[in-house]
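Reading through the structure tokens given below for one structure.
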Amino acid sequence: MSRIKLLRDGAIGRIILARADKRNAIDREMADELFAALAQFESDATCRVIHLGAEGADFCAGADLVALEGMIDGGSDAHRQDAESIGRLYLAIRALM
């Protein structure tokens with residue numbers, strides 16, 4: 001996991017966004033890594049809280065617009081994969097609330 005960092009402090013699982021050079025903007029790879037991290041902490045009965053933080057001055061700029069621009073040339077498969085990654089992440093976060 002290169003776009004995020006996972007830390008553990010007792011019952012607290014910490015997910016740190018680690019793309020400070022891109023203002024922690026979320027691309028498909030980061031969305032997939034976030035989903036995997038959430039699933040890992042969710043399946044751990046000793047993890048009681050998940051804390052989401054970020055490196056750098058900006059928490060998260062939102063979607064990575066450069067990556068979105070690259071989708072234009074990627075065709076329908078790229079669009080579908082990006083939508084599935086973001087959708088899966090959204091549903092995982094919502095399920096934890």
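Quick note on naming: the chains in the structure tokens go A, B, ... in the order shown, residues restart at 1 in each chain, and ligands are numbered from 1 in order of appearance.
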Quick one: residues within 12 Å of Ser43 of chain A, only C-alpha atoms counted, chain neighbours fewer than 6 positions away excluded, as a JSON list (two decimals) with C-alpha atoms, in the first residue's frame?
[["chain", "number", "residue", "atom", "x", "y", "z"],
["A", 13, "GLY", "CA", -6.81, 1.57, 13.55],
["A", 36, "ALA", "CA", -8.73, -2.99, 1.55],
["A", 37, "ALA", "CA", -7.64, -1.13, 4.69],
["A", 50, "ILE", "CA", -10.94, 3.69, 12.62],
["A", 96, "LEU", "CA", -19.14, 1.43, 9.14]]
Original post:
Counting only C-alpha atoms, which of A:Ile12, A:Leu17, A:Leu34, A:Ala61 gets nearest to Arg48 of chain A?
Top reply: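 Between A:Ile12, A:Leu17, A:Leu34, A:Ala61, the residue approaching Arg48 of chain A most closely is A:Ile12.
Of all the residues in chain A, the ones DSSP labels as strand (DSSP E) from the backbone are Ile4, Lys5, Leu6, Leu7, Arg8, Asp9, Ile12, Gly13, Arg14, Ile15, Ile16, Leu17, Val49, Ile50, His51, Leu52, Gly53 and Ala54 of chain A.
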Residue selection dump (N, CA and C atoms) as a compact mmCIF listing (two decimals), in the first residue's frame:
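Everything below was put into selection_19.txt:
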# COMPACT_ATOMS: atom_id res chain seq x y z
N ILE A 4 -1.48 4.92 0.93
CA ILE A 4 -1.94 5.09 2.30
C ILE A 4 -0.97 4.37 3.23
N LYS A 5 -1.06 4.72 4.51
CA LYS A 5 -0.29 4.03 5.54
C LYS A 5 -1.27 3.53 6.59
N LEU A 6 -1.01 2.33 7.09
CA LEU A 6 -1.83 1.75 8.15
C LEU A 6 -1.03 1.73 9.43
N LEU A 7 -1.65 2.19 10.50
CA LEU A 7 -1.04 2.17 11.81
C LEU A 7 -2.03 1.58 12.80
N ARG A 8 -1.51 1.09 13.90
CA ARG A 8 -2.38 0.53 14.93
C ARG A 8 -1.94 1.06 16.27
N ASP A 9 -2.88 1.54 17.07
CA ASP A 9 -2.62 2.04 18.41
C ASP A 9 -3.67 1.44 19.33
N ILE A 12 -7.37 1.27 18.24
CA ILE A 12 -7.57 2.28 17.20
C ILE A 12 -6.77 1.91 15.96
N GLY A 13 -7.46 1.76 14.83
CA GLY A 13 -6.81 1.57 13.55
C GLY A 13 -6.70 2.92 12.87
N ARG A 14 -5.54 3.23 12.36
CA ARG A 14 -5.33 4.53 11.71
C ARG A 14 -5.00 4.32 10.23
N ILE A 15 -5.72 5.05 9.40
CA ILE A 15 -5.46 5.06 7.97
C ILE A 15 -4.99 6.46 7.63
N ILE A 16 -3.79 6.57 7.07
CA ILE A 16 -3.21 7.87 6.74
C ILE A 16 -3.10 7.99 5.23
N LEU A 17 -3.75 9.00 4.66
CA LEU A 17 -3.60 9.28 3.24
C LEU A 17 -2.18 9.78 3.01
N VAL A 49 -12.14 1.46 16.68
CA VAL A 49 -12.27 2.78 16.05
C VAL A 49 -11.34 2.82 14.85
N ILE A 50 -11.80 3.44 13.78
CA ILE A 50 -10.94 3.69 12.62
C ILE A 50 -10.80 5.20 12.48
N HIS A 51 -9.56 5.66 12.56
CA HIS A 51 -9.25 7.08 12.44
C HIS A 51 -8.65 7.33 11.07
N LEU A 52 -9.20 8.28 10.33
CA LEU A 52 -8.70 8.62 9.01
C LEU A 52 -7.99 9.96 9.09
N GLY A 53 -6.72 9.97 8.70
CA GLY A 53 -5.92 11.18 8.72
C GLY A 53 -5.16 11.32 7.42
N ALA A 54 -4.27 12.30 7.37
CA ALA A 54 -3.53 12.55 6.13
C ALA A 54 -2.19 13.19 6.41
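Between atom CA of Glu42 of chain A and atom CA of Ile93 of chain A there is a distance of 10.3 Å.
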Subject >> Nearest to Glu55 of chain A by atom-to-atom distance, counting only C-alpha atoms, from A:Ala39, A:Ala20, A:Met30, A:Ala83 >> reply: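 Comparing A:Ala39, A:Ala20, A:Met30, A:Ala83 against Glu55 of chain A, the winner is A:Ala20.
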Subject >> Within 12 Å of Leu65 of chain A using only C-alpha atoms, minus same-chain residues under 2 positions, as a ChimeraX atom specification >> reply: /A:22-28,61-63,67-72
**OP:** For atom CA of Glu84 of chain A and atom CA of Ala31 of chain A, quote the distance in Å rounded to one decimal.
**Re:**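 If I compute the distance from atom CA of Glu84 of chain A to atom CA of Ala31 of chain A, I get 9.7 Å.
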Original post:
Among chain A, which residues carry a DSSP assignment of alpha helix (DSSP H), reported as a ChimeraX atom specification?
Top reply: /A:28-42,65-71,75-96
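Atom CA of Arg3 of chain A sits 21.6 Å away from atom CA of Cys47 of chain A.
Nearest-residue note for Ala92 of chain A: choosing from A:Gln40, A:Ser76, A:Ser2, A:Thr46, the minimum distance belongs to A:Gln40, counting only C-alpha atoms.
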